[in-house]
Amino acid sequence: MATPLAVRTEGLTKSYGSVLALDGVNLRVHPGEVFGYLGPNGSGKSTTLRLLMGLLRPSSGTAEVLGLDAWSSAADVHRGVGYVPGELSLYDRLTGHQHVTYIGHLRGNTDDKAAVMIADRLDLDLDKTARTLSKGNRQKLALVLALMSGPELLILDEPTGGLDPLVQREFHAILREHTTSGGTVLLSSHVLSEVQQVADRVGVLREGTLIAVESLHELRQKSLHHVTAEFADPVQESDFRRIDGIRDLAIDDRSLTCSAPQSALDSLIRAAARYTVVDFACAEADLEETFMAFYGIGAGDAA
């Protein structure tokens, strides 16, 4: 019998009155992968994750988690999922240890060794009450509670908010260990540079619509490169304009600047070689800029 997808949605749609928050999303997350779910704030990422957790009922379409219907089998879904919501809800008067004990009883696991180990790795003091914790430490506690039972699937909504870079690095290491041992991660973020460190594939959500799904390898093949060149003699713009994929081409007598995907670099170099090249520089753009260029995410959407 085939292993079910960790997450599968078909035409998943959610409306709030006349407001369409999510529009026909078809999503597949495979067992053992880290799937980065990207989009600007307000794009529908949190709505998707709440639907997957059975906290919202879809207006139409279906959502399955670990082979179970997310709405009708929500209680069973929760047993196999570690969830960190975008808006945390902790018990202010309880210490971290008391949170661990409470959640452990709910999940039928009273051994707190895993929670203590994860807290140590994230540099979290479990003896403090939630009300005394900073934003970053509250986030750490939420991560401990999600991770401590070794769930089959982690659904994490903007999980690194408030974490310092060293803790983020340790958290990413924990995620890699989770997938190495057979677990799966669905990680939402509005910052591509964060997701690219751990994700195997990424999906881009914009205004409630899933506009792209790419592997990180495929995306890097599309990566933009910024090119500048100086020539001994004036060059003709028409020699370069016809190159497929070239962007932002500007020629000023003997100088050229442009952006081009990796797939266009060979043609660009061949065109430049028709002239006497005095200087040539090519620098790869960051992955976020590549996404913005290929999928129409404007500067106002970027974090």
# chains A, B, ... in the order shown; residues from 1 in each chain; ligands from 1

call {"tool": "residues_around", "arguments": {"residues": "range 32-37 of chain A", "least_positions_apart": "5", "cutoff": "7 Å", "atoms": "only C-alpha atoms", "output": "count of residues only"}}
result
17

call {"tool": "residues_around", "arguments": {"residues": "Ile155 in chain A", "least_positions_apart": "6", "cutoff": "12 Å", "atoms": "only C-alpha atoms", "output": "JSON, numbers by chain"}}
result
{"A": [6, 7, 29, 34, 35, 36, 37, 45, 46, 48, 49, 50, 51, 52, 53, 65, 66, 77, 78, 80, 81, 82, 83, 84, 85, 86, 142, 143, 146, 147, 175, 183, 184, 185, 186, 187, 188, 189]}

call {"tool": "select_by_dssp", "arguments": {"residues": "range 222-267 of chain A", "states": "helix (DSSP H, G or I)", "output": "PyMOL selection string"}}
result
chain A and resi 238-241+262-267

call {"tool": "write_last_selection", "arguments": {"atoms": "C-alpha atoms", "output": "PDB file, in the first residue's frame"}}
result
ATOM      1  CA  SER A 238      19.979  44.218 -31.132  1.00  0.00           C
ATOM      2  CA  ASP A 239      22.742  41.603 -30.657  1.00  0.00           C
ATOM      3  CA  PHE A 240      21.684  41.187 -27.033  1.00  0.00           C
ATOM      4  CA  ARG A 241      17.986  42.068 -27.041  1.00  0.00           C
ATOM      5  CA  GLN A 262      21.464  31.008 -15.645  1.00  0.00           C
ATOM      6  CA  SER A 263      19.967  29.457 -18.788  1.00  0.00           C
ATOM      7  CA  ALA A 264      20.737  32.640 -20.791  1.00  0.00           C
ATOM      8  CA  LEU A 265      24.369  33.087 -19.749  1.00  0.00           C
ATOM      9  CA  ASP A 266      25.877  30.975 -22.537  1.00  0.00           C
ATOM     10  CA  SER A 267      24.051  32.951 -25.251  1.00  0.00           C
TER      11      SER A 267
END

call {"tool": "residues_around", "arguments": {"residues": "range 21-24 of chain A", "least_positions_apart": "6", "cutoff": "7 Å", "atoms": "only C-alpha atoms", "output": "PDB file with C-alpha atoms, in the first residue's frame"}}
result
ATOM      1  CA  GLY A  11      -9.394  23.072  -4.703  1.00  0.00           C
ATOM      2  CA  LEU A  12      -9.064  24.255  -1.107  1.00  0.00           C
ATOM      3  CA  THR A  13     -11.037  27.491  -0.772  1.00  0.00           C
ATOM      4  CA  LYS A  14     -11.961  29.670   2.179  1.00  0.00           C
ATOM      5  CA  SER A  15     -14.189  32.731   2.073  1.00  0.00           C
ATOM      6  CA  GLY A  44      -3.454  33.209   2.976  1.00  0.00           C
ATOM      7  CA  GLY A 208      -4.913  33.364  -1.842  1.00  0.00           C
ATOM      8  CA  THR A 209      -3.649  31.658  -5.010  1.00  0.00           C
TER       9      THR A 209
END

call {"tool": "select_by_dssp", "arguments": {"residues": "range 111-303 of chain A", "states": "strand (DSSP E)", "output": "PDB file with N, CA and C atoms, in the first residue's frame"}}
result
ATOM      1  N   LEU A 153       4.433  14.827  11.477  1.00  0.00           N
ATOM      2  CA  LEU A 153       4.393  16.037  10.654  1.00  0.00           C
ATOM      3  C   LEU A 153       4.467  17.264  11.543  1.00  0.00           C
ATOM      4  N   LEU A 154       5.289  18.220  11.137  1.00  0.00           N
ATOM      5  CA  LEU A 154       5.337  19.530  11.787  1.00  0.00           C
ATOM      6  C   LEU A 154       4.692  20.550  10.863  1.00  0.00           C
ATOM      7  N   ILE A 155       3.732  21.314  11.385  1.00  0.00           N
ATOM      8  CA  ILE A 155       3.126  22.425  10.655  1.00  0.00           C
ATOM      9  C   ILE A 155       3.467  23.688  11.426  1.00  0.00           C
ATOM     10  N   LEU A 156       4.299  24.525  10.838  1.00  0.00           N
ATOM     11  CA  LEU A 156       4.906  25.644  11.552  1.00  0.00           C
ATOM     12  C   LEU A 156       4.599  26.952  10.834  1.00  0.00           C
ATOM     13  N   ASP A 157       3.928  27.849  11.528  1.00  0.00           N
ATOM     14  CA  ASP A 157       3.510  29.123  10.943  1.00  0.00           C
ATOM     15  C   ASP A 157       4.442  30.225  11.433  1.00  0.00           C
ATOM     16  N   THR A 184       8.219  14.950   8.463  1.00  0.00           N
ATOM     17  CA  THR A 184       7.912  15.905   7.394  1.00  0.00           C
ATOM     18  C   THR A 184       7.651  17.267   8.016  1.00  0.00           C
ATOM     19  N   VAL A 185       7.976  18.336   7.268  1.00  0.00           N
ATOM     20  CA  VAL A 185       7.798  19.695   7.768  1.00  0.00           C
ATOM     21  C   VAL A 185       7.100  20.545   6.717  1.00  0.00           C
ATOM     22  N   LEU A 186       6.052  21.239   7.128  1.00  0.00           N
ATOM     23  CA  LEU A 186       5.432  22.292   6.324  1.00  0.00           C
ATOM     24  C   LEU A 186       5.678  23.594   7.063  1.00  0.00           C
ATOM     25  N   LEU A 187       6.475  24.448   6.458  1.00  0.00           N
ATOM     26  CA  LEU A 187       6.990  25.646   7.124  1.00  0.00           C
ATOM     27  C   LEU A 187       6.560  26.885   6.362  1.00  0.00           C
ATOM     28  N   SER A 188       5.769  27.750   6.986  1.00  0.00           N
ATOM     29  CA  SER A 188       5.353  28.979   6.306  1.00  0.00           C
ATOM     30  C   SER A 188       6.271  30.127   6.704  1.00  0.00           C
ATOM     31  N   SER A 189       6.478  31.032   5.771  1.00  0.00           N
ATOM     32  CA  SER A 189       7.305  32.202   6.028  1.00  0.00           C
ATOM     33  C   SER A 189       7.037  33.246   4.957  1.00  0.00           C
ATOM     34  N   ARG A 201      11.495  21.876  -1.222  1.00  0.00           N
ATOM     35  CA  ARG A 201      10.660  22.520  -2.232  1.00  0.00           C
ATOM     36  C   ARG A 201       9.983  23.721  -1.599  1.00  0.00           C
ATOM     37  N   VAL A 202       9.551  24.637  -2.464  1.00  0.00           N
ATOM     38  CA  VAL A 202       8.851  25.823  -1.996  1.00  0.00           C
ATOM     39  C   VAL A 202       7.617  26.066  -2.846  1.00  0.00           C
ATOM     40  N   GLY A 203       6.557  26.544  -2.203  1.00  0.00           N
ATOM     41  CA  GLY A 203       5.356  26.983  -2.898  1.00  0.00           C
ATOM     42  C   GLY A 203       5.144  28.454  -2.598  1.00  0.00           C
ATOM     43  N   VAL A 204       4.701  29.188  -3.592  1.00  0.00           N
ATOM     44  CA  VAL A 204       4.494  30.624  -3.439  1.00  0.00           C
ATOM     45  C   VAL A 204       3.012  30.940  -3.502  1.00  0.00           C
ATOM     46  N   LEU A 205       2.522  31.575  -2.462  1.00  0.00           N
ATOM     47  CA  LEU A 205       1.114  31.948  -2.365  1.00  0.00           C
ATOM     48  C   LEU A 205       0.999  33.461  -2.492  1.00  0.00           C
ATOM     49  N   ARG A 206       0.074  33.887  -3.336  1.00  0.00           N
ATOM     50  CA  ARG A 206      -0.148  35.330  -3.489  1.00  0.00           C
ATOM     51  C   ARG A 206      -1.646  35.595  -3.618  1.00  0.00           C
ATOM     52  N   THR A 209      -3.854  32.577  -3.892  1.00  0.00           N
ATOM     53  CA  THR A 209      -3.649  31.658  -5.010  1.00  0.00           C
ATOM     54  C   THR A 209      -2.228  31.117  -4.994  1.00  0.00           C
ATOM     55  N   LEU A 210      -2.097  29.798  -5.150  1.00  0.00           N
ATOM     56  CA  LEU A 210      -0.774  29.180  -5.238  1.00  0.00           C
ATOM     57  C   LEU A 210      -0.247  29.390  -6.653  1.00  0.00           C
ATOM     58  N   ILE A 211       0.755  30.265  -6.794  1.00  0.00           N
ATOM     59  CA  ILE A 211       1.192  30.665  -8.127  1.00  0.00           C
ATOM     60  C   ILE A 211       2.401  29.888  -8.619  1.00  0.00           C
ATOM     61  N   ALA A 212       3.097  29.182  -7.735  1.00  0.00           N
ATOM     62  CA  ALA A 212       4.272  28.423  -8.175  1.00  0.00           C
ATOM     63  C   ALA A 212       4.657  27.405  -7.124  1.00  0.00           C
ATOM     64  N   VAL A 213       5.166  26.261  -7.587  1.00  0.00           N
ATOM     65  CA  VAL A 213       5.796  25.267  -6.720  1.00  0.00           C
ATOM     66  C   VAL A 213       7.093  24.856  -7.409  1.00  0.00           C
ATOM     67  N   GLU A 214       8.199  24.982  -6.709  1.00  0.00           N
ATOM     68  CA  GLU A 214       9.505  24.695  -7.288  1.00  0.00           C
ATOM     69  C   GLU A 214      10.356  23.933  -6.281  1.00  0.00           C
ATOM     70  N   SER A 215      11.251  23.076  -6.788  1.00  0.00           N
ATOM     71  CA  SER A 215      12.308  22.557  -5.930  1.00  0.00           C
ATOM     72  C   SER A 215      13.382  23.638  -5.830  1.00  0.00           C
ATOM     73  N   LEU A 224      18.782  34.520 -11.169  1.00  0.00           N
ATOM     74  CA  LEU A 224      19.226  35.679 -11.938  1.00  0.00           C
ATOM     75  C   LEU A 224      20.698  35.978 -11.690  1.00  0.00           C
ATOM     76  N   HIS A 225      21.342  36.483 -12.722  1.00  0.00           N
ATOM     77  CA  HIS A 225      22.724  36.940 -12.610  1.00  0.00           C
ATOM     78  C   HIS A 225      22.782  38.381 -13.116  1.00  0.00           C
ATOM     79  N   HIS A 226      23.477  39.221 -12.386  1.00  0.00           N
ATOM     80  CA  HIS A 226      23.684  40.606 -12.801  1.00  0.00           C
ATOM     81  C   HIS A 226      24.996  40.679 -13.573  1.00  0.00           C
ATOM     82  N   VAL A 227      24.913  41.160 -14.812  1.00  0.00           N
ATOM     83  CA  VAL A 227      26.062  41.179 -15.712  1.00  0.00           C
ATOM     84  C   VAL A 227      26.420  42.607 -16.090  1.00  0.00           C
ATOM     85  N   THR A 228      27.694  42.913 -16.030  1.00  0.00           N
ATOM     86  CA  THR A 228      28.206  44.188 -16.558  1.00  0.00           C
ATOM     87  C   THR A 228      29.385  43.867 -17.475  1.00  0.00           C
ATOM     88  N   ALA A 229      29.489  44.602 -18.561  1.00  0.00           N
ATOM     89  CA  ALA A 229      30.582  44.371 -19.506  1.00  0.00           C
ATOM     90  C   ALA A 229      31.028  45.695 -20.107  1.00  0.00           C
ATOM     91  N   GLU A 230      32.325  45.786 -20.398  1.00  0.00           N
ATOM     92  CA  GLU A 230      32.911  46.938 -21.087  1.00  0.00           C
ATOM     93  C   GLU A 230      33.600  46.421 -22.347  1.00  0.00           C
ATOM     94  N   PHE A 231      33.406  47.162 -23.454  1.00  0.00           N
ATOM     95  CA  PHE A 231      33.930  46.732 -24.740  1.00  0.00           C
ATOM     96  C   PHE A 231      34.875  47.788 -25.305  1.00  0.00           C
ATOM     97  N   ARG A 247      16.938  40.505 -19.076  1.00  0.00           N
ATOM     98  CA  ARG A 247      16.120  41.519 -18.409  1.00  0.00           C
ATOM     99  C   ARG A 247      16.950  42.781 -18.172  1.00  0.00           C
ATOM    100  N   ASP A 248      16.232  43.891 -18.112  1.00  0.00           N
ATOM    101  CA  ASP A 248      16.832  45.171 -17.711  1.00  0.00           C
ATOM    102  C   ASP A 248      18.090  45.497 -18.524  1.00  0.00           C
ATOM    103  N   LEU A 249      18.034  45.227 -19.813  1.00  0.00           N
ATOM    104  CA  LEU A 249      19.193  45.483 -20.669  1.00  0.00           C
ATOM    105  C   LEU A 249      19.392  46.982 -20.865  1.00  0.00           C
ATOM    106  N   ALA A 250      20.622  47.439 -20.647  1.00  0.00           N
ATOM    107  CA  ALA A 250      20.969  48.847 -20.869  1.00  0.00           C
ATOM    108  C   ALA A 250      22.353  48.905 -21.508  1.00  0.00           C
ATOM    109  N   ILE A 251      22.435  49.568 -22.676  1.00  0.00           N
ATOM    110  CA  ILE A 251      23.707  49.713 -23.379  1.00  0.00           C
ATOM    111  C   ILE A 251      23.989  51.186 -23.574  1.00  0.00           C
ATOM    112  N   ASP A 252      25.172  51.577 -23.159  1.00  0.00           N
ATOM    113  CA  ASP A 252      25.620  52.962 -23.300  1.00  0.00           C
ATOM    114  C   ASP A 252      26.949  52.958 -24.046  1.00  0.00           C
ATOM    115  N   SER A 255      29.465  50.150 -23.029  1.00  0.00           N
ATOM    116  CA  SER A 255      29.189  49.434 -21.784  1.00  0.00           C
ATOM    117  C   SER A 255      27.807  48.778 -21.831  1.00  0.00           C
ATOM    118  N   LEU A 256      27.670  47.678 -21.111  1.00  0.00           N
ATOM    119  CA  LEU A 256      26.415  46.915 -21.063  1.00  0.00           C
ATOM    120  C   LEU A 256      26.128  46.503 -19.625  1.00  0.00           C
ATOM    121  N   THR A 257      24.867  46.610 -19.236  1.00  0.00           N
ATOM    122  CA  THR A 257      24.399  46.019 -17.980  1.00  0.00           C
ATOM    123  C   THR A 257      23.087  45.301 -18.256  1.00  0.00           C
ATOM    124  N   CYS A 258      22.863  44.191 -17.556  1.00  0.00           N
ATOM    125  CA  CYS A 258      21.610  43.451 -17.699  1.00  0.00           C
ATOM    126  C   CYS A 258      21.500  42.432 -16.573  1.00  0.00           C
ATOM    127  N   SER A 259      20.330  41.820 -16.495  1.00  0.00           N
ATOM    128  CA  SER A 259      20.120  40.662 -15.631  1.00  0.00           C
ATOM    129  C   SER A 259      19.685  39.513 -16.524  1.00  0.00           C
ATOM    130  N   ALA A 260      20.117  38.302 -16.172  1.00  0.00           N
ATOM    131  CA  ALA A 260      19.790  37.142 -17.011  1.00  0.00           C
ATOM    132  C   ALA A 260      19.751  35.896 -16.148  1.00  0.00           C
ATOM    133  N   PRO A 261      18.821  34.973 -16.454  1.00  0.00           N
ATOM    134  CA  PRO A 261      18.823  33.695 -15.741  1.00  0.00           C
ATOM    135  C   PRO A 261      20.026  32.867 -16.162  1.00  0.00           C
ATOM    136  N   VAL A 277      36.186  42.345 -25.695  1.00  0.00           N
ATOM    137  CA  VAL A 277      35.752  42.582 -24.320  1.00  0.00           C
ATOM    138  C   VAL A 277      36.919  43.132 -23.509  1.00  0.00           C
ATOM    139  N   VAL A 278      36.693  44.277 -22.868  1.00  0.00           N
ATOM    140  CA  VAL A 278      37.710  44.898 -22.002  1.00  0.00           C
ATOM    141  C   VAL A 278      37.536  44.429 -20.555  1.00  0.00           C
ATOM    142  N   ASP A 279      36.267  44.295 -20.121  1.00  0.00           N
ATOM    143  CA  ASP A 279      35.991  43.871 -18.749  1.00  0.00           C
ATOM    144  C   ASP A 279      34.636  43.161 -18.735  1.00  0.00           C
ATOM    145  N   PHE A 280      34.513  42.158 -17.868  1.00  0.00           N
ATOM    146  CA  PHE A 280      33.260  41.405 -17.788  1.00  0.00           C
ATOM    147  C   PHE A 280      33.078  40.922 -16.357  1.00  0.00           C
ATOM    148  N   ALA A 281      31.891  41.170 -15.783  1.00  0.00           N
ATOM    149  CA  ALA A 281      31.603  40.732 -14.408  1.00  0.00           C
ATOM    150  C   ALA A 281      30.206  40.131 -14.367  1.00  0.00           C
ATOM    151  N   CYS A 282      30.070  39.037 -13.614  1.00  0.00           N
ATOM    152  CA  CYS A 282      28.774  38.343 -13.483  1.00  0.00           C
ATOM    153  C   CYS A 282      28.607  37.926 -12.022  1.00  0.00           C
ATOM    154  N   ALA A 283      27.540  38.411 -11.383  1.00  0.00           N
ATOM    155  CA  ALA A 283      27.291  38.102  -9.974  1.00  0.00           C
ATOM    156  C   ALA A 283      25.881  37.547  -9.822  1.00  0.00           C
ATOM    157  N   GLU A 284      25.743  36.447  -9.074  1.00  0.00           N
ATOM    158  CA  GLU A 284      24.438  35.820  -8.880  1.00  0.00           C
ATOM    159  C   GLU A 284      23.603  36.646  -7.899  1.00  0.00           C
TER     160      GLU A 284
END

call {"tool": "closest_residue", "arguments": {"among": "A:Gln139, A:Ser73, A:Gln196, A:Ser149", "to": "Val100 in chain A", "atoms": "only C-alpha atoms"}}
result
A:Ser149

call {"tool": "residues_around", "arguments": {"residues": "Gly67 in chain A", "least_positions_apart": "3", "cutoff": "7 Å", "atoms": "only C-alpha atoms", "output": "list in words"}}
result
Pro4, Leu5 and Glu64 of chain A

call {"tool": "write_last_selection", "arguments": {"atoms": "N, CA, C and O atoms", "output": "CSV table (one decimal), in the first residue's frame"}}
result
chain,number,residue,atom,x,y,z
A,4,PRO,N,0.7,7.5,2.2
A,4,PRO,CA,-0.1,8.7,1.8
A,4,PRO,C,0.8,9.9,1.9
A,4,PRO,O,1.8,10.0,2.6
A,5,LEU,N,0.4,10.9,1.1
A,5,LEU,CA,1.0,12.2,1.2
A,5,LEU,C,0.9,12.8,2.6
A,5,LEU,O,-0.1,12.5,3.3
A,64,GLU,N,-6.4,17.0,3.2
A,64,GLU,CA,-6.1,15.7,3.9
A,64,GLU,C,-4.7,15.9,4.5
A,64,GLU,O,-3.8,16.4,3.9

call {"tool": "residues_around", "arguments": {"residues": "range 109-125 of chain A", "least_positions_apart": "2", "cutoff": "6 Å", "atoms": "only C-alpha atoms", "output": "ChimeraX atom specification"}}
result
/A:104-105,107,127,144,148,167

call {"tool": "closest_residue", "arguments": {"among": "A:Tyr16, A:Ser43, A:Lys140, A:Gly96", "to": "Ser59 in chain A", "atoms": "only C-alpha atoms"}}
result
A:Tyr16

call {"tool": "closest_residue", "arguments": {"among": "A:Pro234, A:Gly54, A:Pro40, A:Gly245", "to": "Glu158 in chain A", "atoms": "only C-alpha atoms"}}
result
A:Pro40
